[in-house]
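Here's my_file16.tsv, which has TSV, C-alpha atoms:
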```tsv
chain	number	residue	atom	x	y	z
I	1	MET	CA	-21.99	-18.55	29.12
I	2	GLN	CA	-25.07	-16.48	28.61
I	3	ALA	CA	-24.69	-13.00	27.14
I	4	GLU	CA	-24.69	-10.47	29.94
I	5	LYS	CA	-25.16	-6.71	29.79
I	6	VAL	CA	-23.49	-4.44	32.33
I	7	ASN	CA	-24.76	-0.87	32.59
I	8	ILE	CA	-22.20	1.81	33.45
I	9	SER	CA	-23.57	4.72	35.41
I	10	ARG	CA	-20.42	6.77	36.01
I	11	THR	CA	-17.73	8.03	33.65
I	12	GLY	CA	-14.35	6.43	34.18
I	13	MET	CA	-11.87	3.81	32.96
I	14	TYR	CA	-13.16	0.25	33.18
I	15	ASN	CA	-11.42	-3.12	32.72
I	16	LEU	CA	-12.97	-6.56	32.23
I	17	TYR	CA	-11.28	-9.58	33.84
I	18	PHE	CA	-12.05	-13.29	33.53
I	19	ILE	CA	-10.88	-15.06	36.69
I	20	PHE	CA	-11.09	-18.75	37.58
I	21	CYS	CA	-10.32	-20.27	40.98
I	22	ASP	CA	-10.46	-23.99	40.20
I	23	PRO	CA	-6.90	-25.39	39.71
I	24	GLN	CA	-8.30	-27.98	37.33
I	25	LEU	CA	-9.17	-25.20	34.90
I	26	LYS	CA	-5.53	-24.19	34.48
I	27	GLY	CA	-4.79	-23.61	30.79
I	28	LEU	CA	-8.44	-22.96	30.00
I	29	VAL	CA	-8.98	-20.96	26.81
I	30	VAL	CA	-11.99	-18.65	26.73
I	31	ASP	CA	-13.30	-17.65	23.31
I	32	GLY	CA	-15.86	-14.90	22.90
I	33	THR	CA	-16.43	-11.21	22.25
I	34	THR	CA	-17.05	-8.16	24.35
I	35	ARG	CA	-18.83	-5.07	23.09
I	36	TRP	CA	-18.24	-1.66	24.61
I	37	LYS	CA	-20.42	1.32	23.83
I	38	ASN	CA	-20.53	4.84	25.17
I	39	PRO	CA	-23.69	6.95	25.19
I	40	SER	CA	-22.36	8.79	22.12
I	41	GLY	CA	-21.35	5.66	20.20
I	42	TYR	CA	-18.72	2.95	19.93
I	43	LEU	CA	-15.67	5.22	19.95
I	44	PRO	CA	-13.47	4.64	23.01
I	45	GLY	CA	-13.50	7.52	25.47
I	46	ARG	CA	-10.01	8.71	24.55
I	47	MET	CA	-10.94	8.77	20.84
I	48	ALA	CA	-14.45	10.23	21.12
I	49	PRO	CA	-13.39	13.91	20.89
I	50	LEU	CA	-11.41	13.21	17.70
I	51	GLU	CA	-14.56	12.94	15.59
I	52	THR	CA	-15.53	16.51	16.49
I	53	PHE	CA	-11.93	17.68	16.19
I	54	TYR	CA	-11.49	16.41	12.64
I	55	GLY	CA	-14.89	17.82	11.72
I	56	LEU	CA	-13.70	21.26	12.79
I	57	MET	CA	-10.34	20.75	11.04
I	58	SER	CA	-12.22	19.88	7.84
I	59	LEU	CA	-14.06	23.21	8.05
I	60	ALA	CA	-10.79	25.05	8.73
I	61	TYR	CA	-9.08	23.49	5.68
I	62	LEU	CA	-12.15	24.25	3.59
I	63	MET	CA	-11.99	27.93	4.56
I	64	LEU	CA	-8.25	28.05	3.86
I	65	GLY	CA	-8.78	26.30	0.53
I	66	VAL	CA	-11.51	28.69	-0.56
I	67	ALA	CA	-9.43	31.74	0.38
I	68	TRP	CA	-6.36	30.35	-1.39
I	69	ILE	CA	-8.16	29.28	-4.57
I	70	SER	CA	-9.89	32.65	-4.85
I	71	GLN	CA	-6.49	34.38	-4.88
I	72	TYR	CA	-5.02	31.67	-7.11
I	73	VAL	CA	-7.71	32.12	-9.77
I	74	ARG	CA	-7.58	35.91	-9.50
I	75	TYR	CA	-3.83	36.09	-10.17
I	76	TRP	CA	-3.34	32.88	-12.15
I	77	LYS	CA	-1.10	34.62	-14.69
I	78	ASP	CA	1.46	35.47	-11.98
I	79	ILE	CA	1.49	32.08	-10.21
I	80	LEU	CA	4.86	30.71	-9.08
I	81	ALA	CA	5.84	27.03	-8.90
I	82	LEU	CA	5.94	27.28	-5.10
I	83	GLN	CA	2.29	28.39	-5.06
I	84	ASN	CA	1.33	25.33	-7.11
I	85	TYR	CA	2.99	23.10	-4.52
I	86	LEU	CA	1.18	24.92	-1.72
I	87	THR	CA	-2.11	24.25	-3.52
I	88	ILE	CA	-1.29	20.53	-3.56
I	89	ILE	CA	-0.43	20.56	0.16
I	90	ILE	CA	-3.72	22.29	1.04
I	91	ALA	CA	-5.63	19.71	-1.03
I	92	LEU	CA	-3.78	16.82	0.64
I	93	GLY	CA	-4.46	18.28	4.07
I	94	MET	CA	-8.16	18.63	3.27
I	95	PHE	CA	-8.38	15.02	2.04
I	96	GLU	CA	-6.54	13.83	5.13
I	97	VAL	CA	-8.78	15.48	7.75
I	98	VAL	CA	-11.97	14.59	5.85
I	99	LEU	CA	-10.92	10.92	5.69
I	100	TRP	CA	-10.09	10.94	9.41
I	101	PHE	CA	-13.48	12.45	10.16
I	102	PHE	CA	-15.33	9.76	8.19
I	103	GLU	CA	-13.09	7.08	9.70
I	104	TYR	CA	-13.97	8.07	13.26
I	105	ALA	CA	-17.64	8.65	12.35
I	106	ASN	CA	-17.88	5.15	10.87
I	107	PHE	CA	-16.05	3.65	13.85
I	108	ASN	CA	-18.43	5.43	16.21
I	109	THR	CA	-21.50	4.16	14.35
I	110	THR	CA	-20.52	0.54	13.59
I	111	GLY	CA	-18.01	-0.29	16.32
I	112	LYS	CA	-15.52	-1.46	13.68
I	113	ARG	CA	-12.48	0.37	12.40
I	114	PRO	CA	-12.42	0.13	8.59
I	115	MET	CA	-8.88	-0.60	7.44
I	116	GLY	CA	-9.36	0.89	3.97
I	117	ILE	CA	-10.39	4.38	5.09
I	118	THR	CA	-7.75	4.37	7.83
I	119	PHE	CA	-5.01	3.34	5.40
I	120	TRP	CA	-5.81	6.12	2.95
I	121	ALA	CA	-6.13	8.70	5.73
I	122	VAL	CA	-2.69	7.65	6.99
I	123	THR	CA	-1.18	7.67	3.49
I	124	PHE	CA	-2.57	11.11	2.57
I	125	GLY	CA	-1.31	12.46	5.89
I	126	THR	CA	2.15	10.96	5.48
I	127	PHE	CA	2.47	12.22	1.92
I	128	LYS	CA	1.39	15.70	3.04
I	129	LYS	CA	3.93	15.71	5.89
I	130	THR	CA	6.71	14.56	3.56
I	131	LEU	CA	5.88	17.05	0.81
I	132	SER	CA	5.60	19.87	3.37
I	133	ARG	CA	9.05	19.14	4.80
I	134	VAL	CA	10.64	18.83	1.37
I	135	LEU	CA	8.96	22.05	0.18
I	136	ILE	CA	10.13	24.00	3.24
I	137	LEU	CA	13.64	22.64	2.68
I	138	VAL	CA	13.89	23.62	-1.00
I	139	VAL	CA	12.38	27.05	-0.29
I	140	SER	CA	14.96	27.50	2.46
I	141	MET	CA	17.64	26.69	-0.09
I	142	GLY	CA	16.35	29.58	-2.18
I	143	TYR	CA	14.93	27.46	-4.98
I	144	GLY	CA	13.08	29.71	-7.39
I	145	VAL	CA	14.29	32.84	-5.57
I	146	VAL	CA	18.11	32.95	-5.68
I	147	ARG	CA	18.78	29.76	-7.65
I	148	PRO	CA	16.86	28.22	-10.57
I	149	THR	CA	17.62	24.59	-9.69
I	150	LEU	CA	18.96	22.56	-6.78
I	151	GLY	CA	21.72	21.04	-8.89
I	152	GLY	CA	23.46	18.11	-7.24
I	153	LEU	CA	21.38	18.57	-4.09
I	154	THR	CA	18.25	17.24	-5.81
I	155	SER	CA	19.17	13.58	-5.28
I	156	LYS	CA	19.92	14.20	-1.58
I	157	VAL	CA	16.58	15.96	-1.04
I	158	ILE	CA	14.67	13.20	-2.84
I	159	LEU	CA	16.48	10.50	-0.84
I	160	LEU	CA	15.73	12.22	2.47
I	161	GLY	CA	12.08	12.74	1.50
I	162	ALA	CA	11.60	9.13	0.37
I	163	THR	CA	13.23	7.77	3.54
I	164	TYR	CA	11.02	9.98	5.71
I	165	PHE	CA	7.88	8.88	3.85
I	166	LEU	CA	8.65	5.19	4.39
I	167	ALA	CA	9.50	5.61	8.08
I	168	ALA	CA	6.46	7.80	8.82
I	169	GLU	CA	4.11	5.54	6.82
I	170	VAL	CA	5.20	2.43	8.74
I	171	LEU	CA	4.77	4.23	12.07
I	172	ASP	CA	1.30	5.57	11.27
I	173	ILE	CA	0.07	2.27	9.82
I	174	PHE	CA	1.10	0.35	12.93
I	175	GLU	CA	-0.44	3.04	15.15
I	176	HIS	CA	-3.79	3.39	13.42
I	177	VAL	CA	-4.69	0.78	10.80
I	178	GLY	CA	-6.92	-1.86	12.37
I	179	THR	CA	-5.87	-0.96	15.94
I	180	ILE	CA	-7.77	0.40	18.90
I	181	SER	CA	-5.28	0.14	21.76
I	182	ASP	CA	-2.07	2.15	21.93
I	183	LEU	CA	1.20	0.53	20.88
I	184	SER	CA	3.42	-0.73	23.67
I	185	GLY	CA	6.14	1.67	24.76
I	186	ARG	CA	9.00	-0.42	23.39
I	187	ALA	CA	7.34	-1.08	20.01
I	188	ARG	CA	6.44	2.57	19.56
I	189	LEU	CA	9.94	3.73	20.50
I	190	PHE	CA	11.39	1.42	17.85
I	191	LEU	CA	9.16	3.01	15.19
I	192	VAL	CA	9.27	6.61	16.42
I	193	LEU	CA	13.07	6.84	16.67
I	194	PRO	CA	13.81	6.81	12.89
I	195	VAL	CA	11.11	9.45	12.27
I	196	ALA	CA	12.50	11.66	15.07
I	197	ILE	CA	16.04	11.39	13.65
I	198	LEU	CA	14.86	12.29	10.14
I	199	ASP	CA	12.87	15.24	11.53
I	200	ALA	CA	16.04	16.47	13.26
I	201	ILE	CA	17.96	16.20	9.96
I	202	PHE	CA	15.25	18.22	8.19
I	203	ILE	CA	15.36	20.94	10.87
I	204	LEU	CA	19.16	21.24	10.85
I	205	TRP	CA	19.33	21.31	7.07
I	206	ILE	CA	16.48	23.84	6.78
I	207	PHE	CA	18.00	26.38	9.15
I	208	ARG	CA	21.48	25.98	7.70
I	209	ALA	CA	20.03	26.54	4.21
I	210	LEU	CA	18.04	29.56	5.43
I	211	ALA	CA	21.16	31.17	6.86
I	212	LYS	CA	22.95	30.80	3.53
I	213	THR	CA	19.98	32.08	1.51
I	214	VAL	CA	19.52	35.14	3.74
I	215	GLU	CA	23.24	35.85	3.38
I	216	LYS	CA	22.94	35.78	-0.41
I	217	LEU	CA	19.95	38.12	-0.35
I	218	GLN	CA	21.83	40.56	1.88
I	219	VAL	CA	24.82	40.57	-0.48
I	220	ARG	CA	22.59	41.21	-3.49
I	221	ARG	CA	20.62	43.93	-1.67
I	222	MET	CA	17.26	42.29	-2.48
I	223	GLY	CA	15.10	44.02	0.10
I	224	ALA	CA	11.68	42.50	-0.61
I	225	LYS	CA	12.98	38.95	-0.84
I	226	LEU	CA	15.10	39.44	2.26
I	227	GLU	CA	12.11	40.67	4.26
I	228	LEU	CA	10.07	37.70	3.04
I	229	TYR	CA	12.75	35.22	4.12
I	230	LYS	CA	13.21	36.89	7.49
I	231	ASN	CA	9.49	36.49	8.21
I	232	PHE	CA	9.67	32.91	6.96
I	233	THR	CA	12.63	32.19	9.26
I	234	ASN	CA	10.85	33.71	12.26
I	235	ALA	CA	7.75	31.59	11.61
I	236	LEU	CA	9.82	28.41	11.40
I	237	ALA	CA	11.82	29.30	14.51
I	238	ILE	CA	8.66	29.92	16.53
I	239	SER	CA	7.15	26.62	15.36
I	240	VAL	CA	10.31	24.72	16.33
I	241	ILE	CA	10.38	26.33	19.79
I	242	ILE	CA	6.70	25.47	20.33
I	243	SER	CA	7.32	21.92	19.09
I	244	VAL	CA	10.21	21.37	21.51
I	245	ALA	CA	8.15	22.75	24.41
I	246	TRP	CA	5.21	20.49	23.49
I	247	ILE	CA	7.45	17.43	23.22
I	248	GLY	CA	8.64	18.18	26.76
I	249	TYR	CA	5.04	18.44	27.94
I	250	GLU	CA	4.12	15.22	26.13
I	251	LEU	CA	6.96	13.34	27.84
I	252	TYR	CA	5.86	14.75	31.20
I	253	PHE	CA	2.22	13.84	30.50
I	254	LYS	CA	3.05	10.22	29.66
I	255	ALA	CA	5.56	9.87	32.50
I	256	THR	CA	3.03	11.02	35.11
I	257	ASP	CA	0.09	9.06	33.66
I	258	GLY	CA	1.35	5.52	33.62
I	259	PHE	CA	-2.11	4.05	34.26
I	260	GLY	CA	-3.98	6.17	31.70
I	261	GLU	CA	-5.97	8.09	34.28
I	262	GLN	CA	-5.84	11.23	32.10
I	263	TRP	CA	-7.54	9.44	29.20
I	264	GLN	CA	-10.05	12.28	28.75
I	265	HIS	CA	-7.23	14.65	27.76
I	266	ALA	CA	-5.04	12.18	25.83
I	267	TRP	CA	-6.55	13.21	22.46
I	268	ILE	CA	-5.04	16.68	22.82
I	269	ILE	CA	-1.50	15.27	22.58
I	270	SER	CA	-1.84	14.05	19.01
I	271	SER	CA	-4.29	16.76	17.92
I	272	PHE	CA	-1.88	19.55	18.84
I	273	TRP	CA	0.45	18.60	15.97
I	274	ASN	CA	-2.38	18.96	13.48
I	275	ILE	CA	-3.16	22.43	14.85
I	276	LEU	CA	0.50	23.52	14.74
I	277	THR	CA	0.92	22.20	11.18
I	278	PHE	CA	-2.22	24.01	10.04
I	279	ALA	CA	-1.13	27.26	11.71
I	280	LEU	CA	2.29	27.11	10.03
I	281	LEU	CA	0.64	26.35	6.68
I	282	CYS	CA	-1.60	29.41	7.10
I	283	VAL	CA	1.42	31.62	7.82
I	284	ILE	CA	3.26	30.31	4.76
I	285	CYS	CA	0.15	30.84	2.62
I	286	VAL	CA	-0.03	34.44	3.82
I	287	LEU	CA	3.65	35.02	3.06
I	288	TRP	CA	3.45	33.49	-0.41
I	289	ALA	CA	-0.15	34.39	-1.25
I	290	PRO	CA	-0.82	34.83	-5.00
I	291	SER	CA	-0.83	38.51	-5.94
I	292	GLN	CA	0.03	40.82	-8.79
I	293	ASN	CA	3.50	41.22	-7.25
I	294	SER	CA	4.24	37.49	-6.92
I	295	THR	CA	6.80	37.53	-9.72
I	296	ARG	CA	9.02	39.97	-7.83
I	297	TYR	CA	10.01	37.02	-5.61
I	298	ALA	CA	10.96	34.81	-8.56
I	299	TYR	CA	14.53	34.05	-9.67
I	300	SER	CA	15.91	36.26	-12.43
I	301	GLU	CA	18.82	35.38	-14.72
I	302	ASP	CA	20.84	38.54	-14.12
I	303	GLY	CA	21.11	37.77	-10.39
I	304	GLU	CA	19.24	40.96	-9.52
I	305	ASN	CA	15.56	41.66	-9.33
I	306	PHE	CA	13.87	43.22	-12.35
I	307	ASP	CA	11.97	45.59	-10.06
I	308	ASP	CA	13.93	48.55	-8.73
I	309	ASP	CA	11.70	48.65	-5.66
I	310	ASP	CA	13.10	45.26	-4.65
I	311	THR	CA	16.66	46.53	-4.42
I	312	LEU	CA	17.91	48.50	-1.45
I	313	PRO	CA	19.78	51.67	-2.42
I	314	LEU	CA	23.53	51.62	-1.83
I	315	LYS	CA	25.10	54.30	0.32
I	316	SER	CA	27.81	54.87	-2.24
I	317	SER	CA	27.12	55.98	-5.77
I	318	THR	CA	29.81	53.62	-7.00
I	319	ASN	CA	28.47	50.74	-9.05
I	320	PHE	CA	28.35	47.62	-6.96
I	321	GLU	CA	29.58	44.47	-8.72
I	322	PRO	CA	29.82	41.24	-6.77
I	323	GLU	CA	33.17	39.60	-7.05
I	324	LYS	CA	33.03	36.56	-9.26
I	325	ALA	CA	33.82	33.40	-7.49
I	326	LYS	CA	36.83	31.54	-8.78
I	327	GLU	CA	35.98	28.16	-10.12
I	328	LYS	CA	37.22	25.35	-7.93
I	329	LYS	CA	36.62	21.71	-8.07
I	330	VAL	CA	35.80	20.75	-4.51
I	331	VAL	CA	34.66	17.35	-3.37
I	332	ASN	CA	31.66	17.94	-1.12
I	333	THR	CA	31.33	15.42	1.70
I	334	ASP	CA	28.89	17.37	3.84
I	335	VAL	CA	25.33	16.12	3.36
I	336	PHE	CA	23.96	19.47	4.56
I	337	SER	CA	26.22	21.56	2.33
I	338	LEU	CA	24.70	23.98	-0.15
I	339	ASP	CA	27.89	24.31	-2.19
I	340	ASP	CA	26.87	21.75	-4.78
I	341	GLU	CA	25.26	24.26	-7.12
I	342	THR	CA	24.54	24.25	-10.83
I	343	GLU	CA	26.41	26.16	-13.48
I	344	GLU	CA	23.73	28.86	-13.34
I	345	ASP	CA	24.46	29.52	-9.68
I	346	LYS	CA	28.22	29.93	-10.32
I	347	ARG	CA	27.51	32.98	-12.46
I	348	GLU	CA	26.40	34.93	-9.39
```

Have the structure of the file written as structure tokens, please.
Amino acid sequence: MQAEKVNISRTGMYNLYFIFCDPQLKGLVVDGTTRWKNPSGYLPGRMAPLETFYGLMSLAYLMLGVAWISQYVRYWKDILALQNYLTIIIALGMFEVVLWFFEYANFNTTGKRPMGITFWAVTFGTFKKTLSRVLILVVSMGYGVVRPTLGGLTSKVILLGATYFLAAEVLDIFEHVGTISDLSGRARLFLVLPVAILDAIFILWIFRALAKTVEKLQVRRMGAKLELYKNFTNALAISVIISVAWIGYELYFKATDGFGEQWQHAWIISSFWNILTFALLCVICVLWAPSQNSTRYAYSEDGENFDDDDTLPLKSSTNFEPEKAKEKKVVNTDVFSLDDETEEDKRE
């Protein structure tokens, strides 16, 4: 067959079919290539906006990074461990969006999807998602604020984080590395289900841990830390509500667009999660921004804050002394339990 060029004059979804009518050609195998190109480049129509999107996200992460590093350098003597982890997450997010931008830019220019760039973009993104979830979980447990270590919970947190990383990495690799078309519904469901279950475990554990941490702060009358955790809880609750609403919209979108007629808007579905993640990261960076008062949120050995301004005044003039918990040896079978604390925590 001679190479043939077909000019497209109107935007839309197009399919190419090879049809034969001669019964004698049954079982015929056709070998060849087809090349599709839009006026803006080789990116498929549903992917074309992603190049611009990740370019804008790269600028957004750059601005966040500059603002964060300026505060970090200014108050480097008062930096907390949590703020170091946030710096790593911002750096990972910046690497991720920059790699995605170059991946789509290269795809648009050459018509080929480079597996190396895609793999590293996926891996940086998966590692950032895993570290973000683990960090939110340990902060919700009060690590560094009301407890110095996680004690026996450390192994559970590491196990959950490692399992999530593997499940999310496999899903993203199969979705992006070397692929152009979407995964089939059944194949994607098989890969998405473990990630969805692990996300649900993270959410349940985070909010249960937050409730226990807020309770401890109320008992100890730590006003500044309590206010910080209330704002943190509100931010997480709003993000979860928005996420659930968007999942409902995504299911509706895919259920009513079985033939891909809304391909021009399909990029918004996946891009929304990047926007929500970035917005939540910005809120957390504002709450835990480096400052000269950062150390007032750190854990102190005496169980009370070293700054009198951080303690709410008691109505009674009687000295308040928390009742010491009696030591019990309890076998903990609840994976979400926060009772498996270190010896330091039992002195509260």

Contact residues around I:Trp273 with all atoms listed in the file at 12 Å, ignoring same-chain residues under 2 positions, as a PyMOL selection string: chain I and resi 125+129+239-240+242-244+246-247+250+267-271+275-280

Go ahead and write the residues just picked, C-alpha atoms, as a short mmCIF file (atom, residue, chain, number, x, y, z; two decimals), in the coordinates of the input.
```cif
data_model
loop_
_atom_site.label_atom_id
_atom_site.label_comp_id
_atom_site.auth_asym_id
_atom_site.auth_seq_id
_atom_site.Cartn_x
_atom_site.Cartn_y
_atom_site.Cartn_z
CA GLY I 125 -1.31 12.46 5.89
CA LYS I 129 3.93 15.71 5.89
CA SER I 239 7.15 26.62 15.36
CA VAL I 240 10.31 24.72 16.33
CA ILE I 242 6.70 25.47 20.33
CA SER I 243 7.32 21.92 19.09
CA VAL I 244 10.21 21.37 21.51
CA TRP I 246 5.21 20.49 23.49
CA ILE I 247 7.45 17.43 23.22
CA GLU I 250 4.12 15.22 26.13
CA TRP I 267 -6.55 13.21 22.46
CA ILE I 268 -5.04 16.68 22.82
CA ILE I 269 -1.50 15.27 22.58
CA SER I 270 -1.84 14.05 19.01
CA SER I 271 -4.29 16.76 17.92
CA ILE I 275 -3.16 22.43 14.85
CA LEU I 276 0.50 23.52 14.74
CA THR I 277 0.92 22.20 11.18
CA PHE I 278 -2.22 24.01 10.04
CA ALA I 279 -1.13 27.26 11.71
CA LEU I 280 2.29 27.11 10.03
#
```

Atomic separation - atom CA of I:Val195 relative to atom CA of I:Ala168, Å: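 Atom CA of I:Ala168 sits 6.0 Å away from atom CA of I:Val195.
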
Computed interatomic separation between atom CA of I:Ile206 and atom CA of I:Val138 (Å): 8.2 Å

Near-I:Phe259 list (12 Å; all atoms listed in the file; drop same-chain fewer than 5 positions) as a list in words: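 These residues fall inside the cut-off: Met13, Tyr14, Asn15, Phe253 and Lys254 of chain I.
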
Who sits within 8 Å of I:Ser140, all atoms listed in the file, same chain under 3 positions skipped, as an MDAnalysis selection string: chainID I and resid 136:137 143 206:207 209:210 213

Okay, now the selection with C-alpha atoms, as a CSV table (one decimal), in the coordinates of the input?
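Wrote out-v9.csv, looks like this:
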```
chain,number,residue,atom,x,y,z
I,136,ILE,CA,10.1,24.0,3.2
I,137,LEU,CA,13.6,22.6,2.7
I,143,TYR,CA,14.9,27.5,-5.0
I,206,ILE,CA,16.5,23.8,6.8
I,207,PHE,CA,18.0,26.4,9.2
I,209,ALA,CA,20.0,26.5,4.2
I,210,LEU,CA,18.0,29.6,5.4
I,213,THR,CA,20.0,32.1,1.5
```

Can you write out as a Markdown table which residues of stretch 52-100 of chain I fall within 12 Å of stretch 108-117 of chain I, alongside each residue's closest atom pair and its distance in Å to one decimal, counting only C-alpha atoms and ordering rows by chain and ascending residue number?
```
| residue | atom | partner | partner_atom | distance |
| --- | --- | --- | --- | --- |
| I:Thr52 | CA | I:Asn108 | CA | 11.5 |
| I:Phe95 | CA | I:Ile117 | CA | 11.2 |
| I:Glu96 | CA | I:Ile117 | CA | 10.2 |
| I:Val97 | CA | I:Ile117 | CA | 11.5 |
| I:Val98 | CA | I:Ile117 | CA | 10.4 |
| I:Leu99 | CA | I:Ile117 | CA | 6.6 |
| I:Trp100 | CA | I:Ile117 | CA | 7.9 |
```

Nearest-residue call for I:Ile238, choices I:Val283, I:Cys21, I:Glu4, I:Ile197, using only C-alpha atoms: I:Val283

As an mmCIF file, keeping the file's coordinate frame, please: stretch 41-64 of chain I completed to N, CA and C atoms.
```cif
data_model
loop_
_atom_site.group_PDB
_atom_site.id
_atom_site.type_symbol
_atom_site.label_atom_id
_atom_site.label_comp_id
_atom_site.auth_asym_id
_atom_site.auth_seq_id
_atom_site.Cartn_x
_atom_site.Cartn_y
_atom_site.Cartn_z
ATOM 1 N N GLY I 41 -21.697 6.601 21.262
ATOM 2 C CA GLY I 41 -21.350 5.660 20.200
ATOM 3 C C GLY I 41 -20.275 4.689 20.633
ATOM 4 N N TYR I 42 -19.697 4.000 19.643
ATOM 5 C CA TYR I 42 -18.720 2.950 19.930
ATOM 6 C C TYR I 42 -17.290 3.460 20.100
ATOM 7 N N LEU I 43 -17.029 4.701 19.803
ATOM 8 C CA LEU I 43 -15.670 5.220 19.950
ATOM 9 C C LEU I 43 -15.215 5.127 21.403
ATOM 10 N N PRO I 44 -13.995 4.620 21.648
ATOM 11 C CA PRO I 44 -13.470 4.640 23.010
ATOM 12 C C PRO I 44 -13.400 6.057 23.552
ATOM 13 N N GLY I 45 -13.455 6.198 24.858
ATOM 14 C CA GLY I 45 -13.500 7.520 25.470
ATOM 15 C C GLY I 45 -12.369 8.428 25.059
ATOM 16 N N ARG I 46 -11.159 7.861 24.914
ATOM 17 C CA ARG I 46 -10.010 8.710 24.550
ATOM 18 C C ARG I 46 -10.039 9.132 23.093
ATOM 19 N N MET I 47 -10.834 8.427 22.263
ATOM 20 C CA MET I 47 -10.940 8.770 20.840
ATOM 21 C C MET I 47 -12.182 9.599 20.526
ATOM 22 N N ALA I 48 -13.165 9.588 21.407
ATOM 23 C CA ALA I 48 -14.450 10.230 21.120
ATOM 24 C C ALA I 48 -14.320 11.686 20.675
ATOM 25 N N PRO I 49 -13.475 12.509 21.327
ATOM 26 C CA PRO I 49 -13.390 13.910 20.890
ATOM 27 C C PRO I 49 -12.782 14.087 19.505
ATOM 28 N N LEU I 50 -12.089 13.056 18.982
ATOM 29 C CA LEU I 50 -11.410 13.210 17.700
ATOM 30 C C LEU I 50 -12.385 13.356 16.535
ATOM 31 N N GLU I 51 -13.578 12.789 16.659
ATOM 32 C CA GLU I 51 -14.560 12.940 15.590
ATOM 33 C C GLU I 51 -14.940 14.416 15.429
ATOM 34 N N THR I 52 -15.203 15.078 16.541
ATOM 35 C CA THR I 52 -15.530 16.510 16.490
ATOM 36 C C THR I 52 -14.329 17.324 16.051
ATOM 37 N N PHE I 53 -13.144 16.944 16.536
ATOM 38 C CA PHE I 53 -11.930 17.680 16.190
ATOM 39 C C PHE I 53 -11.684 17.667 14.685
ATOM 40 N N TYR I 54 -11.755 16.493 14.079
ATOM 41 C CA TYR I 54 -11.490 16.410 12.640
ATOM 42 C C TYR I 54 -12.618 17.035 11.823
ATOM 43 N N GLY I 55 -13.827 17.080 12.378
ATOM 44 C CA GLY I 55 -14.890 17.820 11.720
ATOM 45 C C GLY I 55 -14.576 19.303 11.653
ATOM 46 N N LEU I 56 -14.085 19.850 12.763
ATOM 47 C CA LEU I 56 -13.700 21.260 12.790
ATOM 48 C C LEU I 56 -12.486 21.533 11.905
ATOM 49 N N MET I 57 -11.517 20.589 11.895
ATOM 50 C CA MET I 57 -10.340 20.750 11.040
ATOM 51 C C MET I 57 -10.744 20.719 9.566
ATOM 52 N N SER I 58 -11.742 19.919 9.226
ATOM 53 C CA SER I 58 -12.220 19.880 7.840
ATOM 54 C C SER I 58 -12.772 21.239 7.427
ATOM 55 N N LEU I 59 -13.535 21.873 8.332
ATOM 56 C CA LEU I 59 -14.060 23.210 8.050
ATOM 57 C C LEU I 59 -12.936 24.232 7.918
ATOM 58 N N ALA I 60 -11.912 24.117 8.782
ATOM 59 C CA ALA I 60 -10.790 25.050 8.730
ATOM 60 C C ALA I 60 -10.032 24.925 7.406
ATOM 61 N N TYR I 61 -9.766 23.677 6.970
ATOM 62 C CA TYR I 61 -9.080 23.490 5.680
ATOM 63 C C TYR I 61 -9.953 23.958 4.525
ATOM 64 N N LEU I 62 -11.252 23.780 4.647
ATOM 65 C CA LEU I 62 -12.150 24.250 3.590
ATOM 66 C C LEU I 62 -12.083 25.762 3.465
ATOM 67 N N MET I 63 -12.081 26.465 4.588
ATOM 68 C CA MET I 63 -11.990 27.930 4.560
ATOM 69 C C MET I 63 -10.657 28.376 3.987
ATOM 70 N N LEU I 64 -9.561 27.708 4.402
ATOM 71 C CA LEU I 64 -8.250 28.050 3.860
ATOM 72 C C LEU I 64 -8.204 27.783 2.360
#
```
